[in-house]
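Trainee: Following this line is model.pdb, made up of PDB, C-alpha atoms:
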```pdb
ATOM      1  CA  MET E 580    -105.853 118.950 134.223
ATOM      2  CA  THR E 581    -104.562 118.334 137.724
ATOM      3  CA  ASP E 582    -107.502 120.171 139.309
ATOM      4  CA  ILE E 583    -109.969 118.224 137.154
ATOM      5  CA  SER E 584    -108.321 114.898 137.991
ATOM      6  CA  VAL E 585    -108.369 115.633 141.717
ATOM      7  CA  GLY E 586    -112.027 116.623 141.518
ATOM      8  CA  GLN E 587    -112.918 113.496 139.644
ATOM      9  CA  VAL E 588    -111.088 111.361 142.176
ATOM     10  CA  ALA E 589    -112.852 113.115 145.047
ATOM     11  CA  ALA E 590    -116.249 112.678 143.365
ATOM     12  CA  ARG E 591    -115.520 108.998 142.721
ATOM     13  CA  ALA E 592    -114.486 108.554 146.343
ATOM     14  CA  ARG E 593    -117.758 110.139 147.520
ATOM     15  CA  VAL E 594    -119.734 107.838 145.226
ATOM     16  CA  ASP E 595    -117.852 104.799 146.479
ATOM     17  CA  ARG E 596    -118.354 105.927 150.054
ATOM     18  CA  ALA E 597    -122.099 106.320 149.499
ATOM     19  CA  ALA E 598    -122.300 102.904 147.822
ATOM     20  CA  TYR E 599    -120.407 101.358 150.722
ATOM     21  CA  GLU E 600    -122.732 102.940 153.256
ATOM     22  CA  ARG E 601    -125.773 101.721 151.312
ATOM     23  CA  SER E 602    -124.382  98.197 151.156
ATOM     24  CA  ARG E 603    -123.720  98.245 154.896
ATOM     25  CA  LEU E 604    -127.254  99.484 155.552
ATOM     26  CA  VAL E 605    -128.753  96.807 153.296
ATOM     27  CA  GLY E 606    -126.618  94.129 154.954
ATOM     28  CA  ALA E 607    -127.688  95.268 158.414
ATOM     29  CA  ILE E 608    -131.360  95.236 157.395
ATOM     30  CA  GLN E 609    -130.990  91.757 155.904
ATOM     31  CA  ARG E 610    -129.367  90.474 159.101
ATOM     32  CA  GLN E 611    -132.158  91.957 161.176
ATOM     33  CA  VAL E 612    -134.822  90.386 158.961
ATOM     34  CA  VAL E 613    -133.087  87.000 159.082
ATOM     35  CA  GLY E 614    -132.791  87.273 162.855
ATOM     36  CA  VAL E 615    -136.495  88.059 163.247
ATOM     37  CA  VAL E 616    -137.451  85.150 160.978
ATOM     38  CA  LEU E 617    -135.202  82.730 162.894
ATOM     39  CA  VAL E 618    -136.594  83.872 166.240
ATOM     40  CA  ALA E 619    -140.145  83.422 164.907
ATOM     41  CA  LEU E 620    -139.320  79.912 163.659
ATOM     42  CA  ALA E 621    -137.659  79.044 166.970
ATOM     43  CA  CYS E 622    -140.767  80.159 168.854
ATOM     44  CA  PHE E 623    -142.932  78.158 166.454
ATOM     45  CA  TRP E 624    -140.934  74.952 166.984
ATOM     46  CA  LEU E 625    -140.541  75.443 170.736
ATOM     47  CA  ALA E 626    -144.211  76.185 171.351
ATOM     48  CA  PRO E 627    -145.303  72.495 171.514
ATOM     49  CA  ILE E 628    -142.476  71.702 173.940
ATOM     50  CA  VAL E 629    -143.368  74.659 176.165
ATOM     51  CA  TRP E 630    -147.036  73.640 176.066
ATOM     52  CA  THR E 631    -146.136  70.045 176.966
ATOM     53  CA  VAL E 632    -144.063  71.107 179.967
ATOM     54  CA  SER E 633    -146.738  73.593 181.048
ATOM     55  CA  THR E 634    -149.578  71.070 180.800
ATOM     56  CA  SER E 635    -147.558  68.451 182.699
ATOM     57  CA  LEU E 636    -147.653  70.813 185.695
ATOM     58  CA  ARG E 637    -151.422  71.389 185.608
ATOM     59  CA  THR E 638    -154.189  69.636 187.471
ATOM     60  CA  PRO E 639    -156.481  67.469 185.292
ATOM     61  CA  ALA E 640    -159.200  70.137 185.455
ATOM     62  CA  GLN E 641    -156.840  72.866 184.266
ATOM     63  CA  SER E 642    -155.683  70.771 181.301
ATOM     64  CA  PHE E 643    -158.942  71.435 179.444
ATOM     65  CA  SER E 644    -159.580  75.013 180.565
ATOM     66  CA  LEU E 645    -160.881  77.473 177.988
ATOM     67  CA  PRO E 646    -159.337  79.731 176.975
ATOM     68  CA  PRO E 647    -156.108  77.760 177.418
ATOM     69  CA  GLN E 648    -153.375  79.305 179.540
ATOM     70  CA  TRP E 649    -149.675  78.958 178.812
ATOM     71  CA  LEU E 650    -148.617  79.149 182.454
ATOM     72  CA  PRO E 651    -150.204  76.826 185.045
ATOM     73  CA  THR E 652    -151.780  78.539 188.030
ATOM     74  CA  ASP E 653    -150.820  75.721 190.424
ATOM     75  CA  LEU E 654    -147.627  73.733 189.906
ATOM     76  CA  ALA E 655    -148.798  70.124 190.253
ATOM     77  CA  TRP E 656    -145.428  68.384 190.708
ATOM     78  CA  GLY E 657    -147.313  65.325 191.878
ATOM     79  CA  ASN E 658    -148.018  64.461 188.238
ATOM     80  CA  TYR E 659    -144.407  63.344 187.860
ATOM     81  CA  ALA E 660    -144.631  61.138 190.919
ATOM     82  CA  GLN E 661    -147.888  59.674 189.637
ATOM     83  CA  VAL E 662    -146.125  58.618 186.428
ATOM     84  CA  PHE E 663    -144.039  56.145 188.434
ATOM     85  CA  GLU E 664    -147.047  55.061 190.488
ATOM     86  CA  SER E 665    -149.437  54.376 187.593
ATOM     87  CA  VAL E 666    -147.135  52.025 185.659
ATOM     88  CA  PRO E 667    -143.709  50.458 186.340
ATOM     89  CA  PHE E 668    -142.175  53.501 184.667
ATOM     90  CA  ALA E 669    -138.676  53.015 186.083
ATOM     91  CA  GLU E 670    -138.541  49.502 184.614
ATOM     92  CA  ILE E 671    -139.934  50.749 181.313
ATOM     93  CA  LEU E 672    -137.332  53.514 181.269
ATOM     94  CA  MET E 673    -134.533  51.005 181.833
ATOM     95  CA  ASN E 674    -135.898  48.835 179.018
ATOM     96  CA  SER E 675    -135.563  51.757 176.633
ATOM     97  CA  VAL E 676    -132.027  52.423 177.854
ATOM     98  CA  LYS E 677    -131.028  48.783 177.374
ATOM     99  CA  VAL E 678    -132.563  48.528 173.915
ATOM    100  CA  SER E 679    -131.220  51.851 172.645
ATOM    101  CA  VAL E 680    -127.683  51.375 173.978
ATOM    102  CA  ALA E 681    -127.463  47.774 172.731
ATOM    103  CA  ILE E 682    -128.651  48.775 169.255
ATOM    104  CA  VAL E 683    -126.214  51.698 169.118
ATOM    105  CA  LEU E 684    -123.253  49.497 170.059
ATOM    106  CA  GLY E 685    -124.259  46.826 167.568
ATOM    107  CA  GLN E 686    -124.736  49.306 164.745
ATOM    108  CA  LEU E 687    -121.372  50.937 165.407
ATOM    109  CA  VAL E 688    -119.665  47.561 165.023
ATOM    110  CA  THR E 689    -121.525  46.357 161.926
ATOM    111  CA  ALA E 690    -121.676  49.742 160.197
ATOM    112  CA  SER E 691    -117.975  50.498 160.698
ATOM    113  CA  LEU E 692    -116.868  47.064 159.480
ATOM    114  CA  ALA E 693    -119.177  47.032 156.455
ATOM    115  CA  GLY E 694    -118.494  50.688 155.685
ATOM    116  CA  TYR E 695    -114.751  50.041 155.660
ATOM    117  CA  ALA E 696    -115.212  47.075 153.340
ATOM    118  CA  PHE E 697    -117.293  49.064 150.857
ATOM    119  CA  ALA E 698    -114.979  52.082 151.045
ATOM    120  CA  ARG E 699    -111.516  50.492 150.904
ATOM    121  CA  LEU E 700    -111.618  46.808 149.990
ATOM    122  CA  ARG E 701    -111.999  45.197 146.580
ATOM    123  CA  PHE E 702    -114.095  42.058 146.271
ATOM    124  CA  PRO E 703    -116.399  40.493 143.650
ATOM    125  CA  GLY E 704    -119.890  41.958 143.493
ATOM    126  CA  LYS E 705    -118.995  44.961 145.636
ATOM    127  CA  ASN E 706    -120.960  47.494 143.578
ATOM    128  CA  ILE E 707    -123.974  45.203 143.222
ATOM    129  CA  LEU E 708    -124.097  44.541 146.961
ATOM    130  CA  PHE E 709    -123.840  48.222 147.719
ATOM    131  CA  PHE E 710    -126.611  48.978 145.230
ATOM    132  CA  LEU E 711    -128.860  46.390 146.891
ATOM    133  CA  LEU E 712    -127.982  47.815 150.281
ATOM    134  CA  MET E 713    -128.985  51.316 149.208
ATOM    135  CA  ALA E 714    -132.133  49.975 147.540
ATOM    136  CA  SER E 715    -133.217  48.505 150.879
ATOM    137  CA  LEU E 716    -133.524  52.053 152.214
ATOM    138  CA  MET E 717    -136.570  52.490 149.981
ATOM    139  CA  VAL E 718    -138.370  49.508 151.551
ATOM    140  CA  PRO E 719    -140.528  50.635 154.510
ATOM    141  CA  GLY E 720    -140.369  48.665 157.721
ATOM    142  CA  GLN E 721    -144.093  47.963 157.545
ATOM    143  CA  ALA E 722    -143.503  45.892 154.397
ATOM    144  CA  THR E 723    -141.128  43.492 156.172
ATOM    145  CA  ILE E 724    -142.649  43.427 159.641
ATOM    146  CA  ILE E 725    -144.567  40.150 159.091
ATOM    147  CA  PRO E 726    -141.592  37.997 157.955
ATOM    148  CA  VAL E 727    -139.431  39.570 160.661
ATOM    149  CA  PHE E 728    -142.070  38.778 163.271
ATOM    150  CA  LEU E 729    -142.288  35.165 162.057
ATOM    151  CA  LEU E 730    -138.514  34.818 162.316
ATOM    152  CA  ILE E 731    -138.527  36.354 165.800
ATOM    153  CA  LYS E 732    -141.238  33.923 166.876
ATOM    154  CA  TRP E 733    -139.422  30.959 165.287
ATOM    155  CA  PHE E 734    -136.256  31.805 167.255
ATOM    156  CA  GLY E 735    -138.274  32.080 170.470
ATOM    157  CA  LEU E 736    -137.531  35.781 170.981
ATOM    158  CA  ALA E 737    -141.106  37.070 170.915
ATOM    159  CA  ASP E 738    -141.983  39.418 173.795
ATOM    160  CA  THR E 739    -138.318  39.917 174.713
ATOM    161  CA  LEU E 740    -136.041  42.903 174.358
ATOM    162  CA  TRP E 741    -133.849  40.865 171.990
ATOM    163  CA  SER E 742    -136.657  40.951 169.444
ATOM    164  CA  LEU E 743    -136.017  44.694 169.173
ATOM    165  CA  ILE E 744    -132.231  44.575 169.426
ATOM    166  CA  LEU E 745    -131.104  41.847 167.026
ATOM    167  CA  PRO E 746    -132.988  42.947 163.850
ATOM    168  CA  ALA E 747    -131.728  46.520 164.323
ATOM    169  CA  TRP E 748    -128.036  45.668 164.573
ATOM    170  CA  VAL E 749    -127.654  45.990 160.797
ATOM    171  CA  SER E 750    -128.470  49.406 159.372
ATOM    172  CA  ALA E 751    -128.207  50.283 155.673
ATOM    173  CA  PHE E 752    -128.042  53.962 156.549
ATOM    174  CA  GLY E 753    -125.292  53.310 159.077
ATOM    175  CA  VAL E 754    -123.206  51.404 156.522
ATOM    176  CA  PHE E 755    -123.637  54.196 153.974
ATOM    177  CA  PHE E 756    -122.822  56.852 156.568
ATOM    178  CA  MET E 757    -119.596  55.166 157.683
ATOM    179  CA  ARG E 758    -118.596  54.412 154.081
ATOM    180  CA  GLN E 759    -118.816  58.111 153.309
ATOM    181  CA  ALA E 760    -116.700  58.906 156.359
ATOM    182  CA  PHE E 761    -114.011  56.349 155.479
ATOM    183  CA  MET E 762    -113.811  57.630 151.915
ATOM    184  CA  GLN E 763    -112.705  61.038 153.203
ATOM    185  CA  ILE E 764    -109.444  59.615 154.592
ATOM    186  CA  PRO E 765    -106.534  60.161 152.157
ATOM    187  CA  GLN E 766    -105.080  57.095 150.476
ATOM    188  CA  ASP E 767    -101.600  58.312 151.429
ATOM    189  CA  MET E 768    -102.282  57.402 155.055
ATOM    190  CA  VAL E 769    -103.266  53.883 154.025
ATOM    191  CA  ASP E 770    -100.124  53.531 151.902
ATOM    192  CA  ALA E 771     -97.969  54.766 154.794
ATOM    193  CA  ALA E 772     -99.527  52.201 157.126
ATOM    194  CA  LYS E 773     -98.908  49.408 154.601
ATOM    195  CA  ILE E 774     -95.267  50.453 154.269
ATOM    196  CA  ASP E 775     -94.962  50.153 158.054
ATOM    197  CA  GLY E 776     -96.226  46.567 157.770
ATOM    198  CA  ALA E 777     -99.807  47.061 158.958
ATOM    199  CA  ASN E 778    -102.433  44.561 157.801
ATOM    200  CA  GLN E 779    -106.045  45.409 156.980
ATOM    201  CA  TRP E 780    -107.279  44.985 160.544
ATOM    202  CA  GLN E 781    -104.526  47.219 161.906
ATOM    203  CA  ILE E 782    -105.252  49.860 159.268
ATOM    204  CA  PHE E 783    -108.933  49.730 160.167
ATOM    205  CA  SER E 784    -108.501  49.785 163.940
ATOM    206  CA  ARG E 785    -105.492  52.111 164.273
ATOM    207  CA  VAL E 786    -105.982  54.532 161.388
ATOM    208  CA  PHE E 787    -109.612  54.668 160.293
ATOM    209  CA  LEU E 788    -111.458  54.307 163.581
ATOM    210  CA  PRO E 789    -109.539  57.057 165.450
ATOM    211  CA  LEU E 790    -109.925  59.452 162.522
ATOM    212  CA  CYS E 791    -113.658  58.739 162.220
ATOM    213  CA  ALA E 792    -114.549  59.087 165.893
ATOM    214  CA  GLY E 793    -116.701  62.142 165.054
ATOM    215  CA  PRO E 794    -118.871  60.428 162.412
ATOM    216  CA  MET E 795    -119.234  57.408 164.686
ATOM    217  CA  ALA E 796    -120.480  59.708 167.440
ATOM    218  CA  VAL E 797    -122.983  61.182 164.990
ATOM    219  CA  LEU E 798    -124.213  57.723 164.001
ATOM    220  CA  ALA E 799    -124.561  56.799 167.673
ATOM    221  CA  ILE E 800    -126.608  59.919 168.421
ATOM    222  CA  LEU E 801    -128.898  59.476 165.420
ATOM    223  CA  SER E 802    -129.433  55.785 166.165
ATOM    224  CA  PHE E 803    -130.106  56.420 169.851
ATOM    225  CA  ASN E 804    -132.654  59.104 169.020
ATOM    226  CA  THR E 805    -134.381  56.858 166.466
ATOM    227  CA  PHE E 806    -134.776  53.787 168.647
ATOM    228  CA  TRP E 807    -135.442  55.708 171.848
ATOM    229  CA  ASN E 808    -138.602  57.074 170.206
ATOM    230  CA  GLU E 809    -139.521  53.937 168.230
ATOM    231  CA  PHE E 810    -143.132  52.886 168.660
ATOM    232  CA  PHE E 811    -144.081  50.563 165.792
ATOM    233  CA  ARG E 812    -141.810  47.554 166.412
ATOM    234  CA  PRO E 813    -142.279  47.472 170.228
ATOM    235  CA  LEU E 814    -146.032  47.609 169.679
ATOM    236  CA  ILE E 815    -145.826  44.521 167.444
ATOM    237  CA  PHE E 816    -143.141  42.467 169.207
ATOM    238  CA  LEU E 817    -143.908  43.133 172.893
ATOM    239  CA  SER E 818    -146.984  42.114 174.852
ATOM    240  CA  SER E 819    -145.893  42.123 178.522
ATOM    241  CA  GLN E 820    -145.909  45.410 180.376
ATOM    242  CA  GLN E 821    -142.602  44.643 182.096
ATOM    243  CA  ASN E 822    -140.948  44.508 178.653
ATOM    244  CA  PHE E 823    -142.480  47.717 177.286
ATOM    245  CA  THR E 824    -140.267  50.545 176.104
ATOM    246  CA  LEU E 825    -141.071  54.212 176.691
ATOM    247  CA  PRO E 826    -143.282  54.969 173.654
ATOM    248  CA  VAL E 827    -145.527  51.985 174.383
ATOM    249  CA  GLY E 828    -145.389  52.637 178.123
ATOM    250  CA  LEU E 829    -146.573  56.200 177.602
ATOM    251  CA  VAL E 830    -149.655  54.887 175.842
ATOM    252  CA  THR E 831    -150.529  52.773 178.876
ATOM    253  CA  LEU E 832    -150.520  55.955 180.970
ATOM    254  CA  GLN E 833    -153.606  57.064 179.054
ATOM    255  CA  GLY E 834    -155.609  54.322 180.755
ATOM    256  CA  TYR E 835    -158.575  52.431 179.387
ATOM    257  CA  LEU E 836    -160.100  54.248 176.382
ATOM    258  CA  GLY E 837    -157.906  57.276 177.125
ATOM    259  CA  THR E 838    -159.579  58.046 180.448
ATOM    260  CA  GLY E 839    -156.299  58.751 182.242
ATOM    261  CA  SER E 840    -155.015  62.168 183.211
ATOM    262  CA  LEU E 841    -153.574  64.156 180.321
ATOM    263  CA  SER E 842    -151.234  65.957 182.711
ATOM    264  CA  VAL E 843    -149.743  62.659 183.900
ATOM    265  CA  VAL E 844    -149.279  61.456 180.322
ATOM    266  CA  LEU E 845    -147.453  64.653 179.357
ATOM    267  CA  ALA E 846    -145.347  64.432 182.500
ATOM    268  CA  GLY E 847    -144.184  61.038 181.210
ATOM    269  CA  VAL E 848    -143.504  62.603 177.822
ATOM    270  CA  VAL E 849    -141.341  65.280 179.429
ATOM    271  CA  ILE E 850    -139.333  62.642 181.302
ATOM    272  CA  SER E 851    -138.827  60.673 178.082
ATOM    273  CA  MET E 852    -137.636  63.785 176.224
ATOM    274  CA  LEU E 853    -134.925  64.743 178.703
ATOM    275  CA  PRO E 854    -132.254  62.145 177.741
ATOM    276  CA  VAL E 855    -132.538  62.926 174.028
ATOM    277  CA  LEU E 856    -132.453  66.677 174.582
ATOM    278  CA  LEU E 857    -129.431  66.471 176.865
ATOM    279  CA  ILE E 858    -127.534  64.240 174.441
ATOM    280  CA  PHE E 859    -128.235  66.564 171.532
ATOM    281  CA  VAL E 860    -127.330  69.728 173.475
ATOM    282  CA  PHE E 861    -123.934  68.357 174.475
ATOM    283  CA  ALA E 862    -123.197  66.590 171.177
ATOM    284  CA  GLN E 863    -124.658  68.915 168.528
ATOM    285  CA  ARG E 864    -121.155  69.999 167.481
ATOM    286  CA  TYR E 865    -120.313  66.412 166.521
ATOM    287  CA  VAL E 866    -123.597  66.107 164.619
ATOM    288  CA  ILE E 867    -122.893  69.172 162.486
ATOM    289  CA  GLU E 868    -119.247  68.303 161.847
ATOM    290  CA  GLY E 869    -119.939  64.638 161.126
ATOM    291  CA  ILE E 870    -122.749  65.325 158.661
ATOM    292  CA  ALA E 871    -120.621  67.963 156.924
ATOM    293  CA  ARG E 872    -117.705  65.524 156.572
ATOM    294  CA  THR E 873    -119.751  62.580 155.311
ATOM    295  CA  GLY E 874    -121.878  64.550 152.873
ATOM    296  CA  VAL E 875    -119.106  65.814 150.587
ATOM    297  CA  LYS E 876    -117.906  62.854 148.566
ATOM    298  CA  GLY E 877    -120.129  60.257 146.960
TER
END
```
Take the structure in the file and give it back as structure tokens.
Mentor:
Amino acid sequence: MTDISVGQVAARARVDRAAYERSRLVGAIQRQVVGVVLVALACFWLAPIVWTVSTSLRTPAQSFSLPPQWLPTDLAWGNYAQVFESVPFAEILMNSVKVSVAIVLGQLVTASLAGYAFARLRFPGKNILFFLLMASLMVPGQATIIPVFLLIKWFGLADTLWSLILPAWVSAFGVFFMRQAFMQIPQDMVDAAKIDGANQWQIFSRVFLPLCAGPMAVLAILSFNTFWNEFFRPLIFLSSQQNFTLPVGLVTLQGYLGTGSLSVVLAGVVISMLPVLLIFVFAQRYVIEGIARTGVKG
């Protein structure tokens, strides 16, 4: 009996060992396949960016060469200088910085205050107001652009940067995002602050805001990226070249009927991409953590 039991145990151990080796082999193959797929997707998504940078360094004649070449034969760095010579690009760039930063600051204030109210305060009609707020997310901006334009014109803000800044200070998505972040904070911390004699403003400013610095950074990054690349509203509200933002300014680089140099236009595109790429590279950790925190509880 002892010999049989030992043999059975040894056979079972060999079977388990073989199963373990097979599982390790399958896991390794799966990781390799996933890695290959991710590399292929990364190349697919990076290809337009690489092509944009490559074409921005070509001469106008090389931009339309057939077959197309990924690497330029002559590095035409003068295309980047010509961007600033063709249009007041430095002024246009500063307009985008002013508009984007002002909108981000305004949205952080309004979204944090409204998000705290919807998350922690009790007042009549709270659920109805929040429902209407969320319903506004389904209304496209094109549907409200005419009444907004009439209001902007009535206030005398047409063809000014304030016409882009003021309407964007209130964001339904921003309010929802901050509400979700504030709802993650335990009620025990609020009760402890009340015991210490803190009022609502002190609880908001000294407890909630420091704990939600990550989600606020995420909201700032998302808002900056959105309004840095916004084209529709500046096209409608602005008419003077000195007030243009980057997306509209890049269109003017194309010249009359698109007769401008494609290489110069793409050089402007590369310059406009750099701030957004740098911000995302250095702040992607906050984006991932903030979205994970605010997407758990409804």
Trainee: So that I can check the surroundings of E:Phe803, please list as a list in words every protein, DNA and RNA residue that reaches within 7 Å of it, counting all atoms listed in the file and ignoring chain neighbours fewer than 5 positions away.
Mentor: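 The neighbour list is Ser679, Val680 and Val683 of chain E.
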Trainee: Going by the chain IDs and residue numbers used in this file, which residues fall under the PyMOL selection byres ((chain E and resi 708-724) around 12)? Write them as a ChimeraX atom specification.
Mentor: /E:690,693-694,696-698,702-707,725-731,742-743,746-747,749-756,758,809,811-816
Trainee: Those residues with C-alpha atoms, as a CSV table (one decimal), in the frame of the given file please?
Mentor:
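Below is the file that was written, part.csv:
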```csv
chain,number,residue,atom,x,y,z
E,690,ALA,CA,-121.7,49.7,160.2
E,693,ALA,CA,-119.2,47.0,156.5
E,694,GLY,CA,-118.5,50.7,155.7
E,696,ALA,CA,-115.2,47.1,153.3
E,697,PHE,CA,-117.3,49.1,150.9
E,698,ALA,CA,-115.0,52.1,151.0
E,702,PHE,CA,-114.1,42.1,146.3
E,703,PRO,CA,-116.4,40.5,143.6
E,704,GLY,CA,-119.9,42.0,143.5
E,705,LYS,CA,-119.0,45.0,145.6
E,706,ASN,CA,-121.0,47.5,143.6
E,707,ILE,CA,-124.0,45.2,143.2
E,725,ILE,CA,-144.6,40.2,159.1
E,726,PRO,CA,-141.6,38.0,158.0
E,727,VAL,CA,-139.4,39.6,160.7
E,728,PHE,CA,-142.1,38.8,163.3
E,729,LEU,CA,-142.3,35.2,162.1
E,730,LEU,CA,-138.5,34.8,162.3
E,731,ILE,CA,-138.5,36.4,165.8
E,742,SER,CA,-136.7,41.0,169.4
E,743,LEU,CA,-136.0,44.7,169.2
E,746,PRO,CA,-133.0,42.9,163.8
E,747,ALA,CA,-131.7,46.5,164.3
E,749,VAL,CA,-127.7,46.0,160.8
E,750,SER,CA,-128.5,49.4,159.4
E,751,ALA,CA,-128.2,50.3,155.7
E,752,PHE,CA,-128.0,54.0,156.5
E,753,GLY,CA,-125.3,53.3,159.1
E,754,VAL,CA,-123.2,51.4,156.5
E,755,PHE,CA,-123.6,54.2,154.0
E,756,PHE,CA,-122.8,56.9,156.6
E,758,ARG,CA,-118.6,54.4,154.1
E,809,GLU,CA,-139.5,53.9,168.2
E,811,PHE,CA,-144.1,50.6,165.8
E,812,ARG,CA,-141.8,47.6,166.4
E,813,PRO,CA,-142.3,47.5,170.2
E,814,LEU,CA,-146.0,47.6,169.7
E,815,ILE,CA,-145.8,44.5,167.4
E,816,PHE,CA,-143.1,42.5,169.2
```
Trainee: For E:Leu825, find every residue with an atom within 8 Å (counting all atoms listed in the file), except residues of its own chain fewer than 3 positions away, and show them as a ChimeraX atom specification.
Mentor: /E:671-672,674-675,807-808,828-829,851
Trainee: List, as a VMD selection string, every residue that the PyMOL selection byres ((chain E and resi 796) around 12) selects in the file provided.
Mentor: chain E and resid 683 to 684 686 to 687 691 753 756 to 757 760 788 to 795 797 to 803 858 to 859 861 to 870
Trainee: In Å, how far is it from atom CA of E:Arg701 to atom CA of E:Trp748?
Mentor: 24.1 Å
Trainee: Could you state the separation of atom CA of E:Ser633 and atom CA of E:Leu853 in Å, given to one decimal place?
Mentor: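 Distance between the two atoms: 14.9 Å.
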Trainee: Work out how far atom CA of E:Leu841 is from atom CA of E:Pro639, in Å to one decimal.
Mentor: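 Taking atom CA of E:Pro639 and atom CA of E:Leu841, their separation equals 6.6 Å.
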Trainee: So that I can check the surroundings of E:Asn822, please list as a list of chain:residue names every protein, DNA and RNA residue that reaches within 8 Å of it, counting only C-alpha atoms and ignoring chain neighbours fewer than 2 positions away.
Mentor: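 Final neighbour list, sorted by chain and number: E:Ile671, E:Asn674, E:Asp738, E:Thr739, E:Leu740, E:Leu817, E:Ser818, E:Ser819, E:Gln820, E:Thr824.
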Trainee: Let's have the selection written as an mmCIF file, in the frame of the given file, with C-alpha atoms.
Mentor:
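Final output, out_11.cif:
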```
data_model
loop_
_atom_site.group_PDB
_atom_site.id
_atom_site.type_symbol
_atom_site.label_atom_id
_atom_site.label_comp_id
_atom_site.auth_asym_id
_atom_site.auth_seq_id
_atom_site.Cartn_x
_atom_site.Cartn_y
_atom_site.Cartn_z
ATOM 1 C CA ILE E 671 -139.934 50.749 181.313
ATOM 2 C CA ASN E 674 -135.898 48.835 179.018
ATOM 3 C CA ASP E 738 -141.983 39.418 173.795
ATOM 4 C CA THR E 739 -138.318 39.917 174.713
ATOM 5 C CA LEU E 740 -136.041 42.903 174.358
ATOM 6 C CA LEU E 817 -143.908 43.133 172.893
ATOM 7 C CA SER E 818 -146.984 42.114 174.852
ATOM 8 C CA SER E 819 -145.893 42.123 178.522
ATOM 9 C CA GLN E 820 -145.909 45.410 180.376
ATOM 10 C CA THR E 824 -140.267 50.545 176.104
#
```
Trainee: Restricting the calculation to all atoms listed in the file, which member of E:Val605, E:Lys773, E:Met768, E:Thr634 is positioned closest to E:Asp653?
Mentor: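 Of the candidates, the smallest distance to E:Asp653 is held by E:Thr634.
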Trainee: Tell me, counting all atoms listed in the file, for each residue of stretch 801-871 of chain E within 10 Å of stretch 659-664 of chain E, which pair of atoms is nearest and how far apart they are in Å to one decimal, in rows ordered by chain and increasing number, as CSV.
Mentor:
```
residue,atom,partner,partner_atom,distance
E:Leu829,CA,E:Val662,CA,9.2
E:Leu832,CA,E:Val662,CA,7.5
E:Ser840,CA,E:Gln661,CA,9.9
E:Ser842,CA,E:Tyr659,CA,8.9
E:Val843,CA,E:Val662,CA,6.0
E:Val844,CA,E:Val662,CA,7.4
E:Leu845,CA,E:Tyr659,CA,9.1
E:Ala846,CA,E:Tyr659,CA,5.5
E:Gly847,CA,E:Val662,CA,6.1
E:Val848,CA,E:Val662,CA,9.8
E:Val849,CA,E:Tyr659,CA,9.2
E:Ile850,CA,E:Tyr659,CA,8.3
```
Trainee: Check the smallest atom-to-atom distance from each of E:Trp656, E:Trp649, E:Trp624, E:Trp733 to E:Leu636 using only C-alpha atoms, then report the winner.
Mentor: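 Residue with the minimum atom-to-atom distance to E:Leu636: E:Trp656.
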Trainee: Which residue gives the smallest distance to E:Val678 among E:Ala626, E:Leu700, E:Leu745, E:Leu736, with all atoms listed in the file counted?
Mentor: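 Checking each candidate against E:Val678, we get E:Leu745 as the closest.
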Trainee: Considering all atoms listed in the file, can you say which of E:Ile774, E:Val676, E:Gln781, E:Met762 comes closest to E:Tyr695?
Mentor: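 Selected residue with least distance to E:Tyr695: E:Met762.
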Trainee: Pick the closest to E:Thr631 from E:Met852, E:Gln763, E:Ala772, E:Ala597: which is it, counting only C-alpha atoms?
Mentor: E:Met852
Trainee: Between E:Leu625, E:Pro667, E:Leu604, E:Gln779, which one has atoms that come closest to E:Thr831, using only C-alpha atoms?
Mentor: E:Pro667
Trainee: Could the centre and edge lengths of an axis-aligned box, enclosing all atoms of stretch 667-685 of chain E in the file with 4 Å extra on each side, be given in Å to one decimal as AutoDock Vina command-line options?
Mentor:
```
--center_x -133.5 --center_y 50.2 --center_z 177.0 --size_x 28.5 --size_y 14.7 --size_z 26.8
```
